[in-house]
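Text of upload24.txt (compact mmCIF, C-alpha atoms and all ligand atoms) as supplied:
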# COMPACT_ATOMS: atom_id res chain seq x y z
CA MET A 237 83.90 113.93 70.75
CA HIS A 238 82.81 110.85 68.72
CA THR A 239 82.78 107.78 70.94
CA THR A 240 82.78 105.06 68.31
CA CYS A 241 82.48 101.61 69.85
CA THR A 242 85.56 99.50 69.18
CA LEU A 243 85.57 95.86 68.11
CA LEU A 244 89.29 95.59 68.72
CA ALA A 245 90.56 93.01 71.22
CA PRO A 246 91.14 94.91 74.45
CA ILE A 247 94.68 95.68 75.55
CA ASP A 248 94.59 95.81 79.34
CA LEU A 249 97.14 98.24 80.75
CA GLU A 250 95.11 99.15 83.81
CA VAL A 251 96.06 97.05 86.85
CA GLY A 252 99.75 96.36 87.50
CA ASP A 253 99.46 92.62 86.93
CA PRO A 254 101.60 91.72 83.89
CA SER A 255 100.31 89.24 81.34
CA ASP A 256 103.74 87.53 81.45
CA ALA A 257 103.78 84.02 82.85
CA THR A 258 105.72 83.16 86.00
CA PRO A 259 109.04 81.54 84.88
CA GLU A 260 108.50 77.84 84.19
CA LEU A 261 111.33 76.83 86.47
CA LEU A 262 109.37 78.34 89.36
CA THR A 263 105.98 76.86 88.47
CA ALA A 264 107.73 73.46 88.24
CA GLU A 265 109.30 74.12 91.64
CA LEU A 266 105.88 74.93 93.11
CA SER A 267 104.38 71.72 91.76
CA ASN A 268 107.27 69.76 93.25
CA TRP A 269 106.82 71.32 96.68
CA ILE A 270 103.06 70.82 96.70
CA HIS A 271 103.74 67.05 96.93
CA HIS A 272 105.96 67.44 99.96
CA PRO A 273 104.46 65.76 103.06
CA ARG A 274 104.54 69.08 104.94
CA ALA A 275 102.62 70.95 102.25
CA SER A 276 99.21 69.91 103.56
CA HIS A 277 99.98 70.96 107.14
CA TYR A 278 100.13 74.26 108.96
CA SER A 279 103.26 76.22 108.26
CA HIS A 280 105.16 78.37 110.73
CA PRO A 281 103.07 81.57 111.10
CA HIS A 282 106.20 83.76 111.01
CA GLY A 283 107.88 81.92 108.16
CA GLU A 284 109.68 78.65 107.46
CA PRO A 285 113.44 78.79 108.15
CA GLU A 286 114.23 78.31 104.43
CA PHE A 287 112.15 81.34 103.43
CA ILE A 288 113.46 83.49 106.28
CA GLY A 289 117.03 82.52 105.35
CA ALA A 290 116.48 83.19 101.64
CA THR A 291 115.02 86.63 102.42
CA ALA A 292 117.96 87.56 104.65
CA ASN A 293 120.40 86.29 102.01
CA TYR A 294 118.62 88.33 99.38
CA TYR A 295 119.11 91.53 101.41
CA ARG A 296 122.74 90.65 102.05
CA ARG A 297 123.45 90.02 98.36
CA ARG A 298 121.36 92.80 96.83
CA GLN A 299 121.65 95.53 99.47
CA ASN A 300 124.65 94.47 101.55
CA LEU A 301 122.32 94.61 104.55
CA TYR A 302 122.56 92.05 107.34
CA LEU A 303 119.33 90.97 109.05
CA ASP A 304 118.97 88.84 112.15
CA LEU A 305 117.04 85.71 111.20
CA ASN A 306 115.20 85.41 114.48
CA SER A 307 114.14 88.96 115.07
CA GLN A 308 114.21 90.96 111.84
CA VAL A 309 112.25 88.95 109.25
CA CYS A 310 108.64 87.75 109.05
CA VAL A 311 106.77 86.16 106.16
CA THR A 312 103.65 87.93 104.83
CA HIS A 313 100.99 87.28 102.20
CA GLY A 314 102.59 89.95 100.00
CA VAL A 315 103.24 93.66 100.41
CA ARG A 316 99.68 94.92 100.86
CA PRO A 317 98.97 92.86 104.00
CA GLY A 318 102.48 93.77 105.16
CA LEU A 319 101.63 97.47 104.96
CA PHE A 320 98.35 96.94 106.80
CA PHE A 321 99.84 94.92 109.65
CA GLY A 322 102.91 97.15 109.67
CA LEU A 323 100.82 100.21 110.49
CA LEU A 324 98.51 98.26 112.80
CA SER A 325 101.40 96.98 114.86
CA LEU A 326 102.55 100.55 115.56
CA HIS A 327 99.51 101.11 117.79
CA ARG A 328 99.22 104.78 116.88
CA PRO A 329 95.43 105.16 116.36
CA GLY A 330 94.30 108.59 115.21
CA ALA A 331 97.83 109.59 114.17
CA PRO A 332 98.57 110.80 110.60
CA VAL A 333 99.99 108.58 107.87
CA GLY A 334 101.87 110.57 105.24
CA TYR A 335 102.69 109.47 101.72
CA LEU A 336 103.77 111.11 98.50
CA SER A 337 100.68 111.79 96.37
CA PRO A 338 99.63 110.70 93.75
CA ALA A 339 100.01 107.30 95.38
CA TYR A 340 99.17 103.60 95.18
CA PHE A 341 95.41 103.64 95.82
CA ALA A 342 95.67 101.22 98.76
CA PHE A 343 97.71 103.63 100.90
CA GLU A 344 94.70 105.75 101.75
CA SER A 345 92.39 102.82 102.48
CA ILE A 346 95.01 101.00 104.58
CA ALA A 347 95.67 104.13 106.65
CA ARG A 348 91.93 104.53 107.30
CA LYS A 349 91.31 100.86 108.07
CA VAL A 350 94.00 100.75 110.75
CA GLY A 351 92.33 103.76 112.40
CA MET A 352 94.91 106.33 111.33
CA VAL A 353 94.46 109.49 109.25
CA PRO A 354 95.69 109.62 105.63
CA ALA A 355 97.87 112.69 105.03
CA PRO A 356 98.88 112.86 101.34
CA ILE A 357 101.83 115.13 100.50
CA THR A 358 101.81 116.40 96.91
CA PHE A 359 104.87 116.38 94.67
CA ASP A 360 104.88 120.18 94.68
CA THR A 361 105.18 120.18 98.46
CA TRP A 362 107.62 117.28 98.73
CA PHE A 363 109.97 118.56 96.02
CA GLY A 364 109.27 122.27 96.47
CA PRO A 365 111.17 124.55 98.86
CA GLU A 366 112.76 122.70 101.79
CA SER A 367 110.59 124.60 104.23
CA GLY A 368 107.44 123.11 102.64
CA PHE A 369 108.77 119.56 102.88
CA LYS A 370 109.84 120.10 106.48
CA SER A 371 106.53 121.64 107.40
CA ALA A 372 104.61 118.73 105.78
CA LEU A 373 106.70 116.21 107.72
CA SER A 374 106.34 118.12 110.96
CA LYS A 375 102.57 117.58 110.63
CA LEU A 376 103.19 113.81 110.74
CA ARG A 377 104.79 114.06 114.19
CA GLY A 378 104.07 110.93 116.20
CA GLY A 379 102.56 109.20 113.15
CA ALA A 380 103.84 107.21 110.21
CA LEU A 381 104.91 107.50 106.60
CA LEU A 382 104.34 105.03 103.77
CA LEU A 383 107.35 105.30 101.50
CA ASN A 384 107.25 103.82 98.01
CA SER A 385 110.43 104.04 95.95
CA PRO A 386 110.38 103.05 93.10
CA HIS A 387 107.04 104.78 93.13
CA ASN A 388 103.62 103.77 91.86
CA PRO A 389 102.24 105.53 89.79
CA THR A 390 105.04 107.91 88.73
CA GLY A 391 108.10 105.65 88.44
CA LEU A 392 110.09 108.04 90.64
CA VAL A 393 113.12 106.72 92.53
CA LEU A 394 114.34 108.65 95.57
CA SER A 395 118.10 109.11 95.66
CA SER A 396 120.24 107.96 98.58
CA VAL A 397 120.62 111.61 99.63
CA GLU A 398 116.84 112.07 99.63
CA LEU A 399 116.37 108.89 101.66
CA GLU A 400 118.98 110.03 104.15
CA ASP A 401 117.24 113.41 104.46
CA LEU A 402 113.92 111.74 105.00
CA ALA A 403 115.39 109.50 107.71
CA ARG A 404 116.73 112.58 109.51
CA MET A 405 113.27 114.16 109.51
CA ALA A 406 111.62 110.91 110.54
CA HIS A 407 113.92 110.75 113.53
CA LYS A 408 113.33 114.41 114.39
CA PHE A 409 109.53 114.18 114.26
CA ASP A 410 109.14 110.60 115.56
CA ILE A 411 107.68 109.35 112.27
CA ARG A 412 107.78 105.58 111.80
CA VAL A 413 108.41 104.67 108.18
CA VAL A 414 107.06 101.63 106.34
CA SER A 415 108.98 101.27 103.10
CA ASP A 416 107.10 99.56 100.25
CA ALA A 417 109.84 98.09 98.05
CA VAL A 418 107.63 96.03 95.77
CA TYR A 419 109.23 97.51 92.60
CA SER A 420 112.84 97.60 93.79
CA GLU A 421 114.04 95.03 91.22
CA LEU A 422 112.37 96.75 88.26
CA TYR A 423 114.91 99.52 87.83
CA GLN A 424 116.49 100.86 84.61
CA CYS A 425 119.21 98.46 83.44
CA ASP A 426 121.76 101.29 83.21
CA ARG A 427 121.01 102.64 86.71
CA GLY A 428 121.91 100.73 89.84
CA MET A 429 119.50 99.02 92.18
CA PRO A 430 117.59 101.59 94.28
CA ASP A 431 118.88 101.84 97.82
CA THR A 432 116.86 100.32 100.65
CA TYR A 433 115.54 102.91 103.12
CA LEU A 434 116.57 100.57 105.94
CA ARG A 435 120.17 101.62 105.39
CA TYR A 436 119.31 105.08 106.77
CA ASP A 437 116.64 104.41 109.37
CA PRO A 438 117.11 101.66 111.99
CA ASN A 439 113.54 102.26 113.24
CA ALA A 440 111.87 101.48 109.92
CA ILE A 441 110.48 98.35 108.34
CA GLU A 442 110.42 97.39 104.68
CA VAL A 443 107.98 95.14 102.85
CA THR A 444 108.76 93.16 99.69
CA SER A 445 107.07 90.42 97.71
CA VAL A 446 107.51 88.07 94.78
CA SER A 447 104.48 89.63 93.02
CA LYS A 448 106.29 91.89 90.55
CA ILE A 449 109.82 90.45 90.61
CA PHE A 450 108.72 86.99 89.48
CA ARG A 451 105.35 87.84 87.86
CA ALA A 452 103.65 85.95 90.66
CA CYS A 453 100.98 88.35 91.97
CA GLY A 454 98.72 85.36 92.65
CA TRP A 455 101.19 83.52 94.87
CA ARG A 456 100.62 85.90 97.77
CA ILE A 457 103.97 85.79 99.49
CA GLY A 458 106.39 88.42 100.67
CA ALA A 459 108.30 89.48 103.74
CA VAL A 460 108.59 92.30 106.21
CA VAL A 461 112.09 93.10 107.48
CA GLY A 462 113.74 95.71 109.69
CA ASP A 463 113.48 97.05 113.22
CA ALA A 464 113.38 94.07 115.61
CA LYS A 465 110.99 95.62 118.16
CA TRP A 466 108.51 96.61 115.48
CA ILE A 467 108.81 93.18 113.82
CA ALA A 468 108.15 91.50 117.20
CA GLU A 469 104.77 93.26 117.46
CA PHE A 470 104.13 92.62 113.78
CA LYS A 471 104.65 88.88 114.42
CA ASN A 472 102.35 89.02 117.41
CA LEU A 473 99.49 90.31 115.23
CA TYR A 474 100.37 88.38 112.08
CA GLN A 475 100.12 85.12 114.03
CA GLU A 476 96.37 85.37 113.41
CA MET A 477 96.89 84.90 109.66
CA ASN A 478 97.92 81.33 110.51
CA GLY A 479 100.78 81.02 108.05
CA VAL A 480 101.60 81.28 104.35
CA PRO A 481 101.34 77.89 102.55
CA TYR A 482 104.45 75.76 103.03
CA ALA A 483 104.89 74.97 99.31
CA THR A 484 104.66 78.68 98.44
CA GLN A 485 107.28 79.58 101.03
CA GLN A 486 109.69 76.92 99.77
CA THR A 487 109.19 77.98 96.15
CA ALA A 488 109.62 81.66 97.00
CA ALA A 489 112.85 80.73 98.84
CA SER A 490 114.13 79.04 95.68
CA ALA A 491 113.08 82.03 93.57
CA LEU A 492 115.00 84.43 95.82
CA ASN A 493 118.05 82.17 95.87
CA TRP A 494 118.09 81.70 92.10
CA MET A 495 116.70 85.14 91.05
CA THR A 496 115.18 83.28 88.12
CA ASP A 497 114.90 85.42 84.97
CA VAL A 498 114.98 88.69 86.97
CA ALA A 499 117.77 90.42 85.01
CA ARG A 500 116.17 89.63 81.64
CA TYR A 501 112.73 90.73 82.82
CA ARG A 502 114.12 93.99 84.20
CA CYS A 503 115.52 94.83 80.75
CA GLU A 504 112.27 93.73 79.08
CA ILE A 505 110.30 96.17 81.25
CA ALA A 506 112.84 98.92 80.50
CA ASN A 507 112.35 98.29 76.75
CA ARG A 508 108.60 98.45 77.13
CA ARG A 509 108.97 101.74 78.97
CA SER A 510 111.08 103.25 76.15
CA VAL A 511 108.64 102.12 73.46
CA LEU A 512 105.66 103.59 75.25
CA VAL A 513 107.36 106.83 76.28
CA GLU A 514 108.65 107.51 72.74
CA GLY A 515 105.36 106.49 71.11
CA LEU A 516 103.08 108.54 73.33
CA ARG A 517 105.30 111.61 73.20
CA GLN A 518 104.80 111.69 69.41
CA HIS A 519 101.08 112.08 70.01
CA GLY A 520 101.02 114.94 72.46
CA PHE A 521 101.50 113.20 75.80
CA VAL A 522 104.04 114.89 78.05
CA ILE A 523 106.20 112.37 79.89
CA GLU A 524 108.79 113.48 82.40
CA ALA A 525 111.63 110.97 82.26
CA SER A 526 114.57 112.38 84.20
CA ALA A 527 113.31 111.76 87.74
CA GLN A 528 109.97 110.10 87.06
CA ASN A 529 109.28 107.16 84.76
CA VAL A 530 112.65 105.59 85.50
CA ALA A 531 111.60 102.42 87.35
CA GLY A 532 108.67 100.24 88.34
CA LEU A 533 105.89 98.92 86.18
CA PHE A 534 104.10 102.01 84.88
CA ILE A 535 104.18 105.06 82.65
CA TRP A 536 102.84 108.25 84.22
CA ALA A 537 101.83 110.51 81.37
CA CYS A 538 100.35 113.99 81.23
CA LEU A 539 97.41 114.01 78.78
CA PRO A 540 97.61 116.01 75.54
CA VAL A 541 96.68 119.59 76.35
CA GLY A 542 93.07 120.71 75.95
CA MET A 543 91.64 117.41 74.68
CA PHE A 544 89.88 115.98 77.73
CA ALA A 545 88.07 117.66 80.62
CA THR A 546 89.24 115.03 83.12
CA SER A 547 91.53 112.02 83.23
CA ALA A 548 88.46 109.82 83.89
CA ASN A 549 86.95 111.09 80.61
CA ALA A 550 90.17 110.31 78.77
CA VAL A 551 90.39 106.78 80.17
CA ALA A 552 86.75 106.03 79.30
CA TYR A 553 87.32 107.37 75.79
CA PHE A 554 90.50 105.34 75.17
CA GLU A 555 88.77 102.16 76.34
CA LYS A 556 85.80 102.73 74.07
CA ALA A 557 87.49 104.18 71.01
CA ALA A 558 90.86 102.36 71.11
CA GLY A 559 90.18 99.25 73.19
CA VAL A 560 93.07 100.25 75.47
CA LYS A 561 92.46 100.19 79.21
CA MET A 562 94.49 102.40 81.54
CA SER A 563 94.02 104.18 84.87
CA ALA A 564 92.83 107.75 85.39
CA GLY A 565 95.33 109.90 87.26
CA SER A 566 92.59 111.24 89.53
CA THR A 567 92.19 107.80 91.15
CA PHE A 568 95.67 108.17 92.68
CA GLY A 569 94.69 111.13 94.83
CA PRO A 570 95.78 114.76 95.02
CA GLY A 571 98.13 115.71 92.19
CA GLY A 572 96.91 112.93 89.88
CA GLU A 573 94.37 114.77 87.72
CA GLY A 574 95.48 115.50 84.15
CA HIS A 575 97.49 112.26 83.98
CA VAL A 576 97.00 108.64 83.05
CA ARG A 577 98.86 105.62 84.38
CA ILE A 578 99.67 102.90 81.90
CA ALA A 579 100.91 99.51 83.10
CA LEU A 580 103.73 97.83 81.16
CA ASN A 581 101.73 94.61 81.20
CA VAL A 582 102.35 93.37 77.66
CA GLY A 583 105.27 92.96 75.26
CA THR A 584 106.55 95.68 72.91
CA PRO A 585 104.57 94.56 69.80
CA LEU A 586 101.27 94.96 71.64
CA LEU A 587 102.43 98.21 73.25
CA ARG A 588 103.21 99.60 69.78
CA GLU A 589 99.73 98.58 68.69
CA ALA A 590 98.29 100.30 71.78
CA VAL A 591 100.11 103.52 70.82
CA GLU A 592 98.79 103.30 67.23
CA ARG A 593 95.25 102.77 68.47
CA ILE A 594 95.51 105.66 70.93
CA ALA A 595 96.90 107.90 68.18
CA ALA A 596 94.03 106.97 65.83
CA ALA A 597 91.49 107.57 68.61
CA LEU A 598 93.01 110.99 69.33
CA GLU A 599 92.43 111.94 65.69
CA ARG A 600 88.73 111.35 66.23
CA VAL A 601 88.34 113.38 69.42
C1 LIG B 701 103.05 100.32 95.51
C2 LIG B 701 102.45 98.97 95.61
N1 LIG B 701 102.56 98.29 96.75
C3 LIG B 701 102.04 97.05 96.87
C4 LIG B 701 101.36 96.44 95.83
C5 LIG B 701 100.79 95.07 96.04
O1 LIG B 701 101.82 94.15 96.24
P1 LIG B 701 101.52 92.67 96.70
O2 LIG B 701 101.01 91.94 95.49
O3 LIG B 701 102.83 92.15 97.15
O4 LIG B 701 100.51 92.72 97.78
C6 LIG B 701 101.23 97.11 94.62
C7 LIG B 701 100.49 96.50 93.51
O5 LIG B 701 100.20 97.06 92.51
C8 LIG B 701 101.79 98.41 94.51
O6 LIG B 701 101.69 99.10 93.38
So that I can check it, write out the structure of this file as structure tokens.
Ligand SMILES: Cc1ncc(COP(=O)(O)O)c(C=O)c1O
Amino acid sequence: MHTTCTLLAPIDLEVGDPSDATPELLTAELSNWIHHPRASHYSHPHGEPEFIGATANYYRRRQNLYLDLNSQVCVTHGVRPGLFFGLLSLHRPGAPVGYLSPAYFAFESIARKVGMVPAPITFDTWFGPESGFKSALSKLRGGALLLNSPHNPTGLVLSSVELEDLARMAHKFDIRVVSDAVYSELYQCDRGMPDTYLRYDPNAIEVTSVSKIFRACGWRIGAVVGDAKWIAEFKNLYQEMNGVPYATQQTAASALNWMTDVARYRCEIANRRSVLVEGLRQHGFVIEASAQNVAGLFIWACLPVGMFATSANAVAYFEKAAGVKMSAGSTFGPGGEGHVRIALNVGTPLLREAVERIAAALERV
């Protein structure tokens, strides 16, 4: 393998943090709110009424789900802290935390840091014979499950039937489910919005944020919604975070009420996905696109056969020889080796260039 050093400007498709700017209407809204007299004071640690109301309205409009404003919604600093405090507030130390693997890298570390035991379930087990799925879930008895649909890294969306099945098992084995819905708005334009898991499981909570919907990963705001008892304990612990900035909450409320630029961006991401899937397939990547790669912010691609010993080798090579950064499948846990994850962070012209550069680099392997 010749690892020629590239002088090309890097194309960063590694972390899921799109290069796209937050819509101007929203940045203008944030700068308006920052001048509000309340902006320099402590905010309500569980959320300002406007943000709580906007979140509940969002669920009513988008999912036809009614949430009680007082007991079923709490503001968070995004999804990741929501997952952490969600598990922490269960008070189930030492219990297993299941999740479909490969998985968002933070699932394992969050499970460990709250004193629980990560229990990845591979795709082969989850989608294999029903007995395997049942047996894997039975091992989570008295623990928790981190659900992520649409899924990072594979772009899988669980169907309503699958969610309903999962809820039945969760009930049977006393598994408390935290649903990570951070990609729920980035679905294929011709498929409907993915169903919320809350529809099937009254004992679950769901965490959302503005990070991906509004290209506002740096704003650090989201919400946890669902089971009132669980949310009450969540609020008790989250009190120590001392609130999300007032101006951010007001701006996020406006964003949820207006859904600024969401429909256009959803289609933009879908276009990017098509360009990358078609381009990479022509160069030996195998990309499953009936169940996986249908939503979210990434492409999950199987590397061309026989060219690289490991996904980490492939990623290092593409960065050096093509100037294209991506993530090695092995970093997403069991089931990830042999794949790469590519974030749809840039527009289609740059994605086409990335494909050309990858293709040229493959010629030199
Ligand atoms: C599955 C998943 N959950 C949560 C997050 C982080 O979301 P937030 O920015 O709201 O903390 C990410 C970010 O990549 C993610 O992929």
**Asked** Using all atoms listed in the file, which residue out of A:Ala464, A:Cys538, A:Leu598, A:Cys425 lies closest to Asn439 (chain A)?
**Response** A:Ala464
Enumerate, in order of chain and increasing residue number, the residues of chain A with an atom no farther than 8 Å from ligand LIG 701 (chain B), each with its shortest atom pair and distance in Å to one decimal, counting only C-alpha atoms and all ligand atoms, as JSON lines.
{"residue": "A:Val251", "atom": "CA", "partner": "B:LIG701", "partner_atom": "O5", "distance": 7.0}
{"residue": "A:Gly252", "atom": "CA", "partner": "B:LIG701", "partner_atom": "O5", "distance": 5.1}
{"residue": "A:Asp253", "atom": "CA", "partner": "B:LIG701", "partner_atom": "O5", "distance": 7.2}
{"residue": "A:His313", "atom": "CA", "partner": "B:LIG701", "partner_atom": "O4", "distance": 7.0}
{"residue": "A:Gly314", "atom": "CA", "partner": "B:LIG701", "partner_atom": "O3", "distance": 3.6}
{"residue": "A:Val315", "atom": "CA", "partner": "B:LIG701", "partner_atom": "O3", "distance": 3.6}
{"residue": "A:Arg316", "atom": "CA", "partner": "B:LIG701", "partner_atom": "O4", "distance": 3.9}
{"residue": "A:Pro317", "atom": "CA", "partner": "B:LIG701", "partner_atom": "O4", "distance": 6.4}
{"residue": "A:Gly318", "atom": "CA", "partner": "B:LIG701", "partner_atom": "O4", "distance": 7.7}
{"residue": "A:Ala339", "atom": "CA", "partner": "B:LIG701", "partner_atom": "C1", "distance": 7.6}
{"residue": "A:Tyr340", "atom": "CA", "partner": "B:LIG701", "partner_atom": "C1", "distance": 5.1}
{"residue": "A:Ala342", "atom": "CA", "partner": "B:LIG701", "partner_atom": "N1", "distance": 7.8}
{"residue": "A:Asn384", "atom": "CA", "partner": "B:LIG701", "partner_atom": "C1", "distance": 6.0}
{"residue": "A:His387", "atom": "CA", "partner": "B:LIG701", "partner_atom": "C1", "distance": 6.4}
{"residue": "A:Asn388", "atom": "CA", "partner": "B:LIG701", "partner_atom": "C1", "distance": 5.1}
{"residue": "A:Pro389", "atom": "CA", "partner": "B:LIG701", "partner_atom": "O6", "distance": 7.4}
{"residue": "A:Asp416", "atom": "CA", "partner": "B:LIG701", "partner_atom": "N1", "distance": 5.9}
{"residue": "A:Ala417", "atom": "CA", "partner": "B:LIG701", "partner_atom": "N1", "distance": 7.4}
{"residue": "A:Val418", "atom": "CA", "partner": "B:LIG701", "partner_atom": "N1", "distance": 5.6}
{"residue": "A:Tyr419", "atom": "CA", "partner": "B:LIG701", "partner_atom": "C1", "distance": 7.4}
{"residue": "A:Thr444", "atom": "CA", "partner": "B:LIG701", "partner_atom": "O3", "distance": 6.5}
{"residue": "A:Ser445", "atom": "CA", "partner": "B:LIG701", "partner_atom": "O3", "distance": 4.6}
{"residue": "A:Val446", "atom": "CA", "partner": "B:LIG701", "partner_atom": "O3", "distance": 6.6}
{"residue": "A:Ser447", "atom": "CA", "partner": "B:LIG701", "partner_atom": "O2", "distance": 4.8}
{"residue": "A:Lys448", "atom": "CA", "partner": "B:LIG701", "partner_atom": "O2", "distance": 7.2}
{"residue": "A:Cys453", "atom": "CA", "partner": "B:LIG701", "partner_atom": "O2", "distance": 5.0}
{"residue": "A:Gly454", "atom": "CA", "partner": "B:LIG701", "partner_atom": "O2", "distance": 7.5}
{"residue": "A:Arg456", "atom": "CA", "partner": "B:LIG701", "partner_atom": "O2", "distance": 6.5}
{"residue": "A:Ile457", "atom": "CA", "partner": "B:LIG701", "partner_atom": "O3", "distance": 6.9}
{"residue": "A:Gly458", "atom": "CA", "partner": "B:LIG701", "partner_atom": "O3", "distance": 6.2}
**Request:** Provide the CA of Ser279 (chain A) to CA of Tyr295 (chain A) distance in Å, to one decimal place.
**Result:** 23.1 Å
**Item:** For Ala468 (chain A): contacts at 12 Å, only C-alpha atoms, fewer than 2 positions along chain excluded, given as a list in words
**Value:**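 What passes the distance filter is His282, Asn306, Ser307, Gln308, Val309, Cys310, Phe321, Gly322, Ser325, Leu326, Ile441, Val460, Val461, Gly462, Asp463, Ala464, Lys465, Trp466, Phe470, Lys471, Asn472, Leu473, Tyr474 and Gln475 of chain A.
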Saved selection, atoms kept: C-alpha atoms, as a compact mmCIF listing (two decimals), in the frame of the given file:
# COMPACT_ATOMS: atom_id res chain seq x y z
CA HIS A 282 106.20 83.76 111.01
CA ASN A 306 115.20 85.41 114.48
CA SER A 307 114.14 88.96 115.07
CA GLN A 308 114.21 90.96 111.84
CA VAL A 309 112.25 88.95 109.25
CA CYS A 310 108.64 87.75 109.05
CA PHE A 321 99.84 94.92 109.65
CA GLY A 322 102.91 97.15 109.67
CA SER A 325 101.40 96.98 114.86
CA LEU A 326 102.55 100.55 115.56
CA ILE A 441 110.48 98.35 108.34
CA VAL A 460 108.59 92.30 106.21
CA VAL A 461 112.09 93.10 107.48
CA GLY A 462 113.74 95.71 109.69
CA ASP A 463 113.48 97.05 113.22
CA ALA A 464 113.38 94.07 115.61
CA LYS A 465 110.99 95.62 118.16
CA TRP A 466 108.51 96.61 115.48
CA PHE A 470 104.13 92.62 113.78
CA LYS A 471 104.65 88.88 114.42
CA ASN A 472 102.35 89.02 117.41
CA LEU A 473 99.49 90.31 115.23
CA TYR A 474 100.37 88.38 112.08
CA GLN A 475 100.12 85.12 114.03
**Selected residue, from A:Gly379, A:Glu344, A:Val311, A:Gly542, that lies nearest to His327 (chain A) when counting all atoms listed in the file** =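 Nearest candidate to His327 (chain A) out of A:Gly379, A:Glu344, A:Val311, A:Gly542: A:Gly379.
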**Asked** What does the distance from CA of Gly330 (chain A) to CA of Val353 (chain A) come to in Å, to one decimal?
**Response** 6.0 Å
**Request:** Give as number ranges by chain each residue that has an atom at most 6 Å from (108.4, 104.3, 88.8) in the file, counting only C-alpha atoms.
**Result:** A: 386-388, 390-392, 529-532
**Request:** Grab the CA of Ile270 (chain A) to CA of Ala483 (chain A) distance for me, in Å with one decimal place.
**Result:**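 Taking CA of Ile270 (chain A) as the start and CA of Ala483 (chain A) as the end point, the length is 5.2 Å.
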**Polymer residues at most 7 Å from Pro281 (chain A), all atoms listed in the file, same-chain spacing of 4 or more positions, as a PyMOL selection string** = chain A and resi 475+478-480
**Request:** Quick one: everything within 12 Å of Asn549 (chain A), counting only C-alpha atoms, minus sequence neighbours fewer than 3 positions away in the same chain. Send it as a list in words.
**Result:** Met237, Thr239, Leu539, Met543, Phe544, Ala545, Thr546, Ala552, Tyr553, Phe554, Glu555, Lys556, Ala557, Met562, Ser563, Ala564, Gly565, Ser566, Glu573, Gly574, His575, Val576 and Val601 of chain A
**Message:** Using all atoms listed in the file, can you tell me which of A:Phe287, A:Tyr278, A:Phe369, A:Phe568 comes closest to Gln486 (chain A)?
**Reply:**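 Closest to Gln486 (chain A), using all atoms listed in the file: A:Phe287.
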